[in-house]
file input08.cif (mmCIF, C-alpha atoms)
data_final
loop_
_atom_site.label_atom_id
_atom_site.label_comp_id
_atom_site.auth_asym_id
_atom_site.auth_seq_id
_atom_site.Cartn_x
_atom_site.Cartn_y
_atom_site.Cartn_z
CA MET A 29 15.35 14.22 11.16
CA ASP A 30 13.20 16.61 9.17
CA ALA A 31 9.46 16.02 9.11
CA VAL A 32 7.97 14.57 5.93
CA ARG A 33 6.50 17.40 3.87
CA ILE A 34 3.01 16.63 2.52
CA PHE A 35 0.90 18.43 -0.07
CA LEU A 36 -2.86 17.73 -0.09
CA VAL A 37 -5.25 17.95 -3.04
CA ASP A 38 -8.92 17.43 -2.14
CA ASP A 39 -11.88 19.58 -3.12
CA HIS A 40 -13.56 19.16 0.27
CA SER A 41 -12.19 21.69 2.75
CA LEU A 42 -13.28 19.53 5.68
CA CYS A 43 -11.21 16.63 4.37
CA ARG A 44 -8.18 18.89 3.90
CA SER A 45 -8.51 20.30 7.40
CA GLY A 46 -9.09 16.93 9.02
CA LEU A 47 -6.21 15.27 7.21
CA THR A 48 -3.90 18.16 8.02
CA GLU A 49 -4.73 17.86 11.72
CA LEU A 50 -4.25 14.08 11.58
CA LEU A 51 -0.89 14.11 9.78
CA GLU A 52 0.58 17.00 11.75
CA GLY A 53 -0.95 16.34 15.16
CA ARG A 54 -0.59 12.57 15.28
CA GLY A 55 1.79 11.76 12.46
CA GLY A 56 4.56 14.28 13.06
CA MET A 57 4.45 15.35 9.42
CA LYS A 58 4.28 18.82 7.91
CA VAL A 59 1.47 19.76 5.53
CA VAL A 60 3.12 22.45 3.42
CA GLY A 61 0.16 23.11 1.13
CA ALA A 62 -3.42 22.12 0.47
CA THR A 63 -5.91 23.01 -2.24
CA GLY A 64 -9.01 21.81 -4.04
CA GLN A 65 -8.27 23.80 -7.20
CA PRO A 66 -6.31 21.77 -9.79
CA GLU A 67 -4.88 24.85 -11.52
CA LEU A 68 -3.14 25.88 -8.30
CA VAL A 69 -1.41 22.58 -7.65
CA LEU A 70 1.66 22.97 -9.88
CA PRO A 71 2.58 26.55 -8.90
CA MET A 72 2.06 25.75 -5.22
CA LEU A 73 4.18 22.60 -5.49
CA CYS A 74 6.95 24.56 -7.15
CA ARG A 75 6.99 26.95 -4.18
CA GLU A 76 6.64 24.45 -1.36
CA GLN A 77 8.96 21.55 -2.37
CA ALA A 78 6.85 18.79 -0.83
CA ASP A 79 8.04 15.19 -0.41
CA LEU A 80 4.71 13.55 -1.20
CA LEU A 81 1.42 14.51 -2.85
CA VAL A 82 -1.77 13.05 -1.34
CA LEU A 83 -4.40 13.25 -4.05
CA ASP A 84 -8.14 12.60 -4.11
CA LEU A 85 -9.29 10.54 -7.08
CA ARG A 86 -12.50 12.51 -7.62
CA LEU A 87 -12.22 16.28 -7.94
CA ALA A 88 -15.00 18.68 -8.91
CA GLN A 89 -13.14 20.13 -11.90
CA THR A 90 -11.22 17.04 -13.02
CA ASP A 91 -10.18 13.59 -11.86
CA GLY A 92 -7.04 12.97 -9.86
CA LEU A 93 -5.29 10.83 -12.46
CA SER A 94 -5.80 13.44 -15.18
CA LEU A 95 -4.22 15.97 -12.86
CA LEU A 96 -1.36 13.57 -12.16
CA ARG A 97 -0.71 13.09 -15.87
CA GLN A 98 -0.69 16.85 -16.35
CA LEU A 99 1.86 17.24 -13.55
CA ARG A 100 4.10 14.62 -15.16
CA VAL A 101 3.91 16.40 -18.54
CA GLU A 102 5.02 19.58 -16.76
CA GLY A 103 8.02 17.72 -15.34
CA CYS A 104 6.77 17.39 -11.77
CA ASP A 105 7.85 13.93 -10.55
CA ILE A 106 6.69 14.14 -6.93
CA PRO A 107 5.58 10.75 -5.51
CA VAL A 108 1.79 10.48 -5.29
CA VAL A 109 -0.57 8.60 -2.98
CA ILE A 110 -4.25 8.37 -3.89
CA LEU A 111 -6.65 8.82 -0.96
CA THR A 112 -10.20 8.12 -2.10
CA MET A 113 -13.58 6.63 -1.35
CA SER A 114 -13.45 4.44 -4.46
CA ALA A 115 -12.85 0.74 -3.85
CA GLU A 116 -13.27 -0.08 -7.55
CA GLU A 117 -10.72 -2.44 -9.07
CA ASP A 118 -10.59 -0.38 -12.29
CA ASP A 119 -9.62 2.74 -10.33
CA LEU A 120 -6.91 0.83 -8.47
CA ALA A 121 -5.54 -0.56 -11.75
CA ALA A 122 -5.55 2.86 -13.42
CA ALA A 123 -3.79 4.44 -10.46
CA LEU A 124 -1.07 1.79 -10.41
CA ARG A 125 -0.58 2.14 -14.17
CA ALA A 126 -0.14 5.89 -13.59
CA GLY A 127 2.74 5.11 -11.24
CA VAL A 128 1.31 6.11 -7.89
CA LYS A 129 3.09 5.07 -4.69
CA GLY A 130 -0.12 4.20 -2.88
CA TYR A 131 -3.86 3.69 -3.04
CA LEU A 132 -5.60 4.34 0.28
CA LEU A 133 -9.26 4.53 1.25
CA LYS A 134 -10.83 7.29 3.29
CA ASP A 135 -12.58 4.80 5.56
CA MET A 136 -9.27 3.37 6.82
CA GLU A 137 -8.37 3.76 10.48
CA PRO A 138 -6.51 7.05 11.11
CA GLU A 139 -3.38 5.32 12.40
CA ALA A 140 -3.29 3.12 9.29
CA VAL A 141 -3.50 6.20 7.06
CA ILE A 142 -0.65 7.87 8.95
CA GLU A 143 1.54 4.78 8.80
CA SER A 144 0.81 4.16 5.11
CA ILE A 145 1.57 7.73 4.08
CA GLY A 146 4.80 7.59 6.08
CA ARG A 147 5.84 4.36 4.36
CA ALA A 148 4.99 5.80 0.94
CA ALA A 149 7.19 8.81 1.72
CA ARG A 150 10.02 6.31 2.37
CA GLY A 151 9.51 4.80 -1.07
CA GLU A 152 7.25 1.83 -0.30
CA LEU A 153 4.18 0.89 -2.32
CA VAL A 154 1.15 1.04 -0.01
CA VAL A 155 -2.36 -0.24 -0.71
CA ALA A 156 -5.41 -0.22 1.54
CA PRO A 157 -5.98 -3.65 3.10
CA ALA A 158 -9.49 -3.75 1.61
CA MET A 159 -7.91 -3.49 -1.86
CA ALA A 160 -5.27 -6.18 -1.33
CA ALA A 161 -7.52 -9.02 -2.51
CA LYS A 162 -8.32 -7.07 -5.70
CA LEU A 163 -4.63 -6.39 -6.21
CA ALA A 164 -3.93 -10.10 -5.76
CA GLN A 165 -6.50 -10.95 -8.41
CA MET A 166 -4.98 -8.40 -10.79
CA TRP A 167 -1.49 -9.76 -10.27
CA GLN A 168 -2.67 -13.34 -10.65
CA SER A 169 -4.43 -12.48 -13.89
CA GLY A 170 -1.25 -10.88 -15.18
CA GLN A 171 0.78 -13.92 -14.16
CA ASN A 172 -1.66 -16.24 -15.90
CA ARG A 173 -1.43 -14.20 -19.10
CA GLN A 174 2.36 -14.28 -18.94
CA ASN A 175 2.33 -18.02 -18.28
CA ARG A 176 0.20 -18.62 -21.36
CA GLN A 177 2.46 -16.42 -23.45
CA ASN A 178 5.60 -18.19 -22.24
CA ARG A 179 3.92 -21.61 -22.34
CA GLN A 180 5.09 -22.31 -18.82
CA SER A 181 3.63 -25.09 -16.73
CA GLY A 182 2.53 -24.43 -13.17
CA PRO A 183 1.89 -21.10 -11.40
CA ASP A 184 4.53 -18.43 -10.93
CA MET A 185 5.43 -17.81 -7.32
CA PRO A 186 6.95 -14.69 -5.71
CA ASN A 187 10.42 -13.74 -6.98
CA GLY A 188 10.83 -16.69 -9.27
CA GLN A 189 9.93 -19.49 -6.87
CA LYS A 190 8.36 -21.49 -9.73
CA GLY A 191 7.41 -25.11 -9.22
CA THR A 192 6.86 -24.64 -5.48
CA SER A 193 3.35 -25.41 -4.26
CA LYS A 194 1.37 -23.01 -2.11
CA ARG A 195 1.47 -25.46 0.77
CA ASP A 196 5.26 -25.86 0.45
CA LEU A 197 5.70 -22.08 0.61
CA VAL A 198 3.38 -21.74 3.60
CA ALA A 199 5.10 -24.66 5.33
CA ILE A 200 8.31 -22.62 5.32
CA LEU A 201 6.71 -20.29 7.87
CA THR A 202 6.47 -21.03 11.56
CA GLU A 203 3.08 -20.94 13.25
CA ARG A 204 3.86 -17.52 14.75
CA GLU A 205 4.99 -16.17 11.36
CA ARG A 206 1.70 -17.29 9.83
CA GLU A 207 -0.14 -15.44 12.59
CA VAL A 208 1.89 -12.30 11.90
CA LEU A 209 1.29 -12.66 8.15
CA GLU A 210 -2.47 -12.76 8.70
CA GLN A 211 -2.26 -9.55 10.75
CA VAL A 212 -0.15 -7.86 8.06
CA ALA A 213 -2.80 -8.84 5.49
CA GLN A 214 -5.37 -7.00 7.60
CA GLY A 215 -3.29 -3.84 7.29
CA LYS A 216 -2.22 -3.71 10.93
CA SER A 217 0.94 -1.85 11.93
CA ASN A 218 3.75 -3.62 13.76
CA LYS A 219 2.63 -1.91 16.97
CA ALA A 220 -0.94 -3.14 16.53
CA ILE A 221 0.24 -6.67 15.71
CA ALA A 222 2.36 -6.68 18.86
CA GLN A 223 -0.71 -5.80 20.93
CA VAL A 224 -2.92 -8.42 19.28
CA LEU A 225 -0.39 -11.25 19.62
CA ASP A 226 0.97 -10.06 22.98
CA ILE A 227 4.58 -9.93 21.80
CA SER A 228 7.09 -7.10 21.62
CA HIS A 229 7.29 -4.61 18.78
CA ASN A 230 10.85 -5.73 17.99
CA THR A 231 9.72 -9.36 17.83
CA VAL A 232 7.07 -8.42 15.28
CA LYS A 233 9.66 -6.58 13.18
CA LEU A 234 11.89 -9.67 13.27
CA HIS A 235 9.03 -11.95 12.22
CA VAL A 236 8.11 -9.62 9.34
CA ARG A 237 11.72 -9.64 8.10
CA HIS A 238 11.80 -13.44 8.26
CA ILE A 239 8.49 -13.70 6.37
CA MET A 240 9.73 -11.40 3.62
CA ALA A 241 13.00 -13.33 3.29
CA LYS A 242 11.42 -16.78 3.31
CA LEU A 243 8.75 -15.93 0.76
CA GLY A 244 10.93 -13.73 -1.44
CA LEU A 245 8.74 -10.65 -0.93
CA ASN A 246 9.76 -7.00 -1.03
CA SER A 247 6.97 -5.12 0.76
CA ARG A 248 4.03 -5.43 3.13
CA VAL A 249 1.71 -5.04 0.14
CA GLU A 250 3.23 -8.14 -1.46
CA ALA A 251 2.89 -9.95 1.89
CA ALA A 252 -0.80 -9.00 2.08
CA VAL A 253 -1.35 -10.15 -1.49
CA PHE A 254 0.40 -13.45 -0.75
CA ALA A 255 -1.78 -13.99 2.32
CA PHE A 256 -4.96 -13.44 0.29
CA GLU A 257 -3.79 -15.65 -2.57
CA HIS A 258 -2.79 -18.46 -0.22
CA ARG A 259 -5.39 -17.98 2.51
CA SER A 260 -6.70 -21.57 2.29
CA SER A 261 -3.19 -22.96 2.54
CA VAL A 262 -2.35 -20.72 5.50
CA GLU A 263 -5.52 -21.74 7.33
CA SER A 264 -5.11 -25.45 6.61
CA SER A 265 -1.49 -25.30 7.84
CA ASP A 266 -2.35 -23.91 11.26
CA SER A 267 -1.68 -27.27 12.81
CA VAL A 268 1.89 -27.30 11.52
CA GLY A 269 4.24 -26.66 14.44
CA GLU A 270 7.25 -24.45 14.60
#
call {"tool": "encode", "arguments": {"input": "input08.cif", "output": "structure tokens"}}
result
Amino acid sequence: MDAVRIFLVDDHSLCRSGLTELLEGRGGMKVVGATGQPELVLPMLCREQADLLVLDLRLAQTDGLSLLRQLRVEGCDIPVVILTMSAEEDDLAAALRAGVKGYLLKDMEPEAVIESIGRAARGELVVAPAMAAKLAQMWQSGQNRQNRQNRQSGPDMPNGQKGTSKRDLVAILTEREREVLEQVAQGKSNKAIAQVLDISHNTVKLHVRHIMAKLGLNSRVEAAVFAFEHRSSVESSDSVGE
């Protein structure tokens, strides 16, 4: 299988060098181009045919989202992951509205960055664990607005599970699945979860699949958001047996 081809845009050469070493040395990916000059991005992308663009939100000459919009106008539809120091909700919202495939923070653990970029390259939406609570609040606000517009009673639940209480949804999960869900919400990889819970990697993968199916979720980001939204219910259900 060919290595994922990554293009980096960051105006700090140290960040470009460090990320290149991380993704190639530990992630098995290929960094096919890197620059801090916005005007060079499009011509370099046209030459290199990258699979994913990793873009800093704050650039010296422009901001990352302005550059992204310019690329889209020029017909460049490469998937984009934001890698930034900004943990501001407004920046997250703007990035998601711009259609990015991920929003990661530079203070994340290296292995989490590698895994998240890899998942984004496979088409998943990835968000830094520290931003999951803010994403949950944004989604909840949107759901509340839609509920008022549609004059619906009761909260909307994932994938149309309306009328089901938080506790009922959490009660669907076994005790072990709730433990795995909490680890997912912290942004841990399946390998890290296996180490924490002292179970096999394949067992974690099976639990994650069951959690997604039971709750009607489509990604680990949605699972993290669910865990933050329903944290009190998850914690108060710890005594529920399998």
call {"tool": "atom_distance", "arguments": {"input": "input08.cif", "atom1": "atom CA of Val224 of chain A", "atom2": "atom CA of Val208 of chain A"}}
result
9.6 Å
call {"tool": "closest_residue", "arguments": {"input": "input08.cif", "among": "A:Leu51, A:Ala252, A:Leu93, A:Ala126", "to": "Pro66 of chain A", "atoms": "only C-alpha atoms"}}
result
A:Leu93
call {"tool": "resolve_selection", "arguments": {"input": "input08.cif", "expression": "the PyMOL selection byres ((chain A and resi 217) around 12)", "output": "JSON, numbers by chain"}}
result
{"A": [137, 138, 139, 140, 141, 142, 143, 144, 146, 147, 157, 208, 209, 210, 211, 212, 213, 214, 215, 216, 218, 219, 220, 221, 222, 223, 224, 229, 232, 233, 236, 248]}
call {"tool": "write_last_selection", "arguments": {"input": "input08.cif", "atoms": "C-alpha atoms", "output": "compact mmCIF listing (two decimals), in the coordinates of the input"}}
result
# COMPACT_ATOMS: atom_id res chain seq x y z
CA GLU A 137 -8.37 3.76 10.48
CA PRO A 138 -6.51 7.05 11.11
CA GLU A 139 -3.38 5.32 12.40
CA ALA A 140 -3.29 3.12 9.29
CA VAL A 141 -3.50 6.20 7.06
CA ILE A 142 -0.65 7.87 8.95
CA GLU A 143 1.54 4.78 8.80
CA SER A 144 0.81 4.16 5.11
CA GLY A 146 4.80 7.59 6.08
CA ARG A 147 5.84 4.36 4.36
CA PRO A 157 -5.98 -3.65 3.10
CA VAL A 208 1.89 -12.30 11.90
CA LEU A 209 1.29 -12.66 8.15
CA GLU A 210 -2.47 -12.76 8.70
CA GLN A 211 -2.26 -9.55 10.75
CA VAL A 212 -0.15 -7.86 8.06
CA ALA A 213 -2.80 -8.84 5.49
CA GLN A 214 -5.37 -7.00 7.60
CA GLY A 215 -3.29 -3.84 7.29
CA LYS A 216 -2.22 -3.71 10.93
CA ASN A 218 3.75 -3.62 13.76
CA LYS A 219 2.63 -1.91 16.97
CA ALA A 220 -0.94 -3.14 16.53
CA ILE A 221 0.24 -6.67 15.71
CA ALA A 222 2.36 -6.68 18.86
CA GLN A 223 -0.71 -5.80 20.93
CA VAL A 224 -2.92 -8.42 19.28
CA HIS A 229 7.29 -4.61 18.78
CA VAL A 232 7.07 -8.42 15.28
CA LYS A 233 9.66 -6.58 13.18
CA VAL A 236 8.11 -9.62 9.34
CA ARG A 248 4.03 -5.43 3.13
call {"tool": "atom_distance", "arguments": {"input": "input08.cif", "atom1": "atom CA of Glu117 of chain A", "atom2": "atom CA of Leu132 of chain A"}}
result
12.6 Å
call {"tool": "closest_residue", "arguments": {"input": "input08.cif", "among": "A:Val69, A:Leu163, A:Ile34, A:Ala156", "to": "Pro107 of chain A", "atoms": "only C-alpha atoms"}}
result
A:Ile34
call {"tool": "atom_distance", "arguments": {"input": "input08.cif", "atom1": "atom CA of Leu201 of chain A", "atom2": "atom CA of Ala255 of chain A"}}
result
11.9 Å
call {"tool": "residues_around", "arguments": {"input": "input08.cif", "residues": "Ala62 of chain A", "least_positions_apart": "2", "cutoff": "6 Å", "atoms": "only C-alpha atoms", "output": "VMD selection string"}}
result
chain A and resid 35 to 37
call {"tool": "resolve_selection", "arguments": {"input": "input08.cif", "expression": "the PyMOL selection byres ((chain A and resi 32) around 7)", "output": "NGL selection string"}}
result
:A and (30-31 or 33-34 or 57-58 or 79)
call {"tool": "closest_residue", "arguments": {"input": "input08.cif", "among": "A:Ala158, A:Val101, A:Leu87, A:Asp38", "to": "Met136 of chain A", "atoms": "only C-alpha atoms"}}
result
A:Ala158
call {"tool": "decode", "arguments": {"input": "input08.cif", "residues": "segment 215-253 of chain A", "atoms": "N, CA and C atoms", "output": "PDB file, in the first residue's frame"}}
result
ATOM      1  N   GLY A 215      -9.444  11.080  23.347  1.00  0.00           N
ATOM      2  CA  GLY A 215      -8.624  11.119  22.149  1.00  0.00           C
ATOM      3  C   GLY A 215      -7.606   9.994  22.044  1.00  0.00           C
ATOM      4  N   LYS A 216      -7.747   8.964  22.862  1.00  0.00           N
ATOM      5  CA  LYS A 216      -6.776   7.874  22.849  1.00  0.00           C
ATOM      6  C   LYS A 216      -6.999   6.966  21.643  1.00  0.00           C
ATOM      7  N   SER A 217      -5.919   6.445  21.107  1.00  0.00           N
ATOM      8  CA  SER A 217      -5.986   5.476  20.012  1.00  0.00           C
ATOM      9  C   SER A 217      -6.439   4.130  20.561  1.00  0.00           C
ATOM     10  N   ASN A 218      -6.820   3.216  19.661  1.00  0.00           N
ATOM     11  CA  ASN A 218      -7.210   1.880  20.100  1.00  0.00           C
ATOM     12  C   ASN A 218      -6.069   1.178  20.838  1.00  0.00           C
ATOM     13  N   LYS A 219      -4.849   1.399  20.356  1.00  0.00           N
ATOM     14  CA  LYS A 219      -3.687   0.789  21.008  1.00  0.00           C
ATOM     15  C   LYS A 219      -3.524   1.311  22.429  1.00  0.00           C
ATOM     16  N   ALA A 220      -3.677   2.627  22.602  1.00  0.00           N
ATOM     17  CA  ALA A 220      -3.540   3.219  23.931  1.00  0.00           C
ATOM     18  C   ALA A 220      -4.660   2.761  24.854  1.00  0.00           C
ATOM     19  N   ILE A 221      -5.870   2.655  24.319  1.00  0.00           N
ATOM     20  CA  ILE A 221      -7.007   2.179  25.124  1.00  0.00           C
ATOM     21  C   ILE A 221      -6.763   0.748  25.588  1.00  0.00           C
ATOM     22  N   ALA A 222      -6.229  -0.075  24.695  1.00  0.00           N
ATOM     23  CA  ALA A 222      -5.935  -1.461  25.048  1.00  0.00           C
ATOM     24  C   ALA A 222      -4.953  -1.530  26.216  1.00  0.00           C
ATOM     25  N   GLN A 223      -3.962  -0.653  26.205  1.00  0.00           N
ATOM     26  CA  GLN A 223      -2.974  -0.641  27.288  1.00  0.00           C
ATOM     27  C   GLN A 223      -3.592  -0.173  28.599  1.00  0.00           C
ATOM     28  N   VAL A 224      -4.426   0.864  28.537  1.00  0.00           N
ATOM     29  CA  VAL A 224      -5.041   1.405  29.745  1.00  0.00           C
ATOM     30  C   VAL A 224      -5.986   0.393  30.384  1.00  0.00           C
ATOM     31  N   LEU A 225      -6.793  -0.272  29.569  1.00  0.00           N
ATOM     32  CA  LEU A 225      -7.810  -1.192  30.084  1.00  0.00           C
ATOM     33  C   LEU A 225      -7.323  -2.635  30.176  1.00  0.00           C
ATOM     34  N   ASP A 226      -6.072  -2.856  29.738  1.00  0.00           N
ATOM     35  CA  ASP A 226      -5.464  -4.195  29.807  1.00  0.00           C
ATOM     36  C   ASP A 226      -6.298  -5.229  29.037  1.00  0.00           C
ATOM     37  N   ILE A 227      -6.660  -4.852  27.820  1.00  0.00           N
ATOM     38  CA  ILE A 227      -7.360  -5.769  26.919  1.00  0.00           C
ATOM     39  C   ILE A 227      -6.659  -5.717  25.571  1.00  0.00           C
ATOM     40  N   SER A 228      -7.022  -6.625  24.672  1.00  0.00           N
ATOM     41  CA  SER A 228      -6.329  -6.686  23.390  1.00  0.00           C
ATOM     42  C   SER A 228      -6.790  -5.572  22.456  1.00  0.00           C
ATOM     43  N   HIS A 229      -5.937  -5.266  21.495  1.00  0.00           N
ATOM     44  CA  HIS A 229      -6.260  -4.249  20.495  1.00  0.00           C
ATOM     45  C   HIS A 229      -7.514  -4.624  19.723  1.00  0.00           C
ATOM     46  N   ASN A 230      -7.650  -5.904  19.354  1.00  0.00           N
ATOM     47  CA  ASN A 230      -8.826  -6.353  18.612  1.00  0.00           C
ATOM     48  C   ASN A 230     -10.096  -6.242  19.439  1.00  0.00           C
ATOM     49  N   THR A 231      -9.975  -6.463  20.750  1.00  0.00           N
ATOM     50  CA  THR A 231     -11.137  -6.322  21.629  1.00  0.00           C
ATOM     51  C   THR A 231     -11.598  -4.874  21.674  1.00  0.00           C
ATOM     52  N   VAL A 232     -10.641  -3.943  21.716  1.00  0.00           N
ATOM     53  CA  VAL A 232     -11.002  -2.527  21.694  1.00  0.00           C
ATOM     54  C   VAL A 232     -11.731  -2.185  20.397  1.00  0.00           C
ATOM     55  N   LYS A 233     -11.203  -2.646  19.270  1.00  0.00           N
ATOM     56  CA  LYS A 233     -11.835  -2.379  17.980  1.00  0.00           C
ATOM     57  C   LYS A 233     -13.270  -2.893  17.955  1.00  0.00           C
ATOM     58  N   LEU A 234     -13.480  -4.079  18.547  1.00  0.00           N
ATOM     59  CA  LEU A 234     -14.824  -4.664  18.587  1.00  0.00           C
ATOM     60  C   LEU A 234     -15.752  -3.815  19.459  1.00  0.00           C
ATOM     61  N   HIS A 235     -15.246  -3.371  20.608  1.00  0.00           N
ATOM     62  CA  HIS A 235     -16.060  -2.517  21.483  1.00  0.00           C
ATOM     63  C   HIS A 235     -16.427  -1.212  20.790  1.00  0.00           C
ATOM     64  N   VAL A 236     -15.461  -0.609  20.092  1.00  0.00           N
ATOM     65  CA  VAL A 236     -15.725   0.653  19.396  1.00  0.00           C
ATOM     66  C   VAL A 236     -16.809   0.458  18.335  1.00  0.00           C
ATOM     67  N   ARG A 237     -16.740  -0.635  17.588  1.00  0.00           N
ATOM     68  CA  ARG A 237     -17.775  -0.919  16.580  1.00  0.00           C
ATOM     69  C   ARG A 237     -19.143  -1.066  17.231  1.00  0.00           C
ATOM     70  N   HIS A 238     -19.192  -1.770  18.361  1.00  0.00           N
ATOM     71  CA  HIS A 238     -20.467  -1.958  19.060  1.00  0.00           C
ATOM     72  C   HIS A 238     -21.018  -0.632  19.567  1.00  0.00           C
ATOM     73  N   ILE A 239     -20.141   0.222  20.101  1.00  0.00           N
ATOM     74  CA  ILE A 239     -20.565   1.537  20.600  1.00  0.00           C
ATOM     75  C   ILE A 239     -21.170   2.359  19.469  1.00  0.00           C
ATOM     76  N   MET A 240     -20.473   2.389  18.325  1.00  0.00           N
ATOM     77  CA  MET A 240     -20.956   3.160  17.182  1.00  0.00           C
ATOM     78  C   MET A 240     -22.327   2.651  16.733  1.00  0.00           C
ATOM     79  N   ALA A 241     -22.474   1.324  16.665  1.00  0.00           N
ATOM     80  CA  ALA A 241     -23.732   0.740  16.196  1.00  0.00           C
ATOM     81  C   ALA A 241     -24.865   1.000  17.175  1.00  0.00           C
ATOM     82  N   LYS A 242     -24.598   0.824  18.457  1.00  0.00           N
ATOM     83  CA  LYS A 242     -25.649   0.990  19.463  1.00  0.00           C
ATOM     84  C   LYS A 242     -26.138   2.429  19.564  1.00  0.00           C
ATOM     85  N   LEU A 243     -25.215   3.371  19.435  1.00  0.00           N
ATOM     86  CA  LEU A 243     -25.567   4.783  19.598  1.00  0.00           C
ATOM     87  C   LEU A 243     -25.901   5.477  18.284  1.00  0.00           C
ATOM     88  N   GLY A 244     -25.742   4.763  17.170  1.00  0.00           N
ATOM     89  CA  GLY A 244     -26.044   5.360  15.877  1.00  0.00           C
ATOM     90  C   GLY A 244     -25.062   6.429  15.478  1.00  0.00           C
ATOM     91  N   LEU A 245     -23.773   6.217  15.790  1.00  0.00           N
ATOM     92  CA  LEU A 245     -22.727   7.188  15.498  1.00  0.00           C
ATOM     93  C   LEU A 245     -21.919   6.748  14.290  1.00  0.00           C
ATOM     94  N   ASN A 246     -21.246   7.714  13.661  1.00  0.00           N
ATOM     95  CA  ASN A 246     -20.514   7.418  12.429  1.00  0.00           C
ATOM     96  C   ASN A 246     -19.005   7.604  12.542  1.00  0.00           C
ATOM     97  N   SER A 247     -18.521   8.210  13.624  1.00  0.00           N
ATOM     98  CA  SER A 247     -17.095   8.478  13.726  1.00  0.00           C
ATOM     99  C   SER A 247     -16.691   8.598  15.186  1.00  0.00           C
ATOM    100  N   ARG A 248     -15.380   8.570  15.431  1.00  0.00           N
ATOM    101  CA  ARG A 248     -14.862   8.731  16.787  1.00  0.00           C
ATOM    102  C   ARG A 248     -15.124  10.147  17.310  1.00  0.00           C
ATOM    103  N   VAL A 249     -15.173  11.116  16.388  1.00  0.00           N
ATOM    104  CA  VAL A 249     -15.490  12.475  16.805  1.00  0.00           C
ATOM    105  C   VAL A 249     -16.902  12.523  17.382  1.00  0.00           C
ATOM    106  N   GLU A 250     -17.859  11.902  16.694  1.00  0.00           N
ATOM    107  CA  GLU A 250     -19.229  11.857  17.200  1.00  0.00           C
ATOM    108  C   GLU A 250     -19.279  11.125  18.535  1.00  0.00           C
ATOM    109  N   ALA A 251     -18.484  10.063  18.683  1.00  0.00           N
ATOM    110  CA  ALA A 251     -18.453   9.319  19.943  1.00  0.00           C
ATOM    111  C   ALA A 251     -17.922  10.202  21.071  1.00  0.00           C
ATOM    112  N   ALA A 252     -16.873  10.987  20.771  1.00  0.00           N
ATOM    113  CA  ALA A 252     -16.318  11.892  21.782  1.00  0.00           C
ATOM    114  C   ALA A 252     -17.335  12.954  22.171  1.00  0.00           C
ATOM    115  N   VAL A 253     -18.025  13.497  21.166  1.00  0.00           N
ATOM    116  CA  VAL A 253     -19.050  14.503  21.434  1.00  0.00           C
ATOM    117  C   VAL A 253     -20.162  13.910  22.299  1.00  0.00           C
TER     118      VAL A 253
END
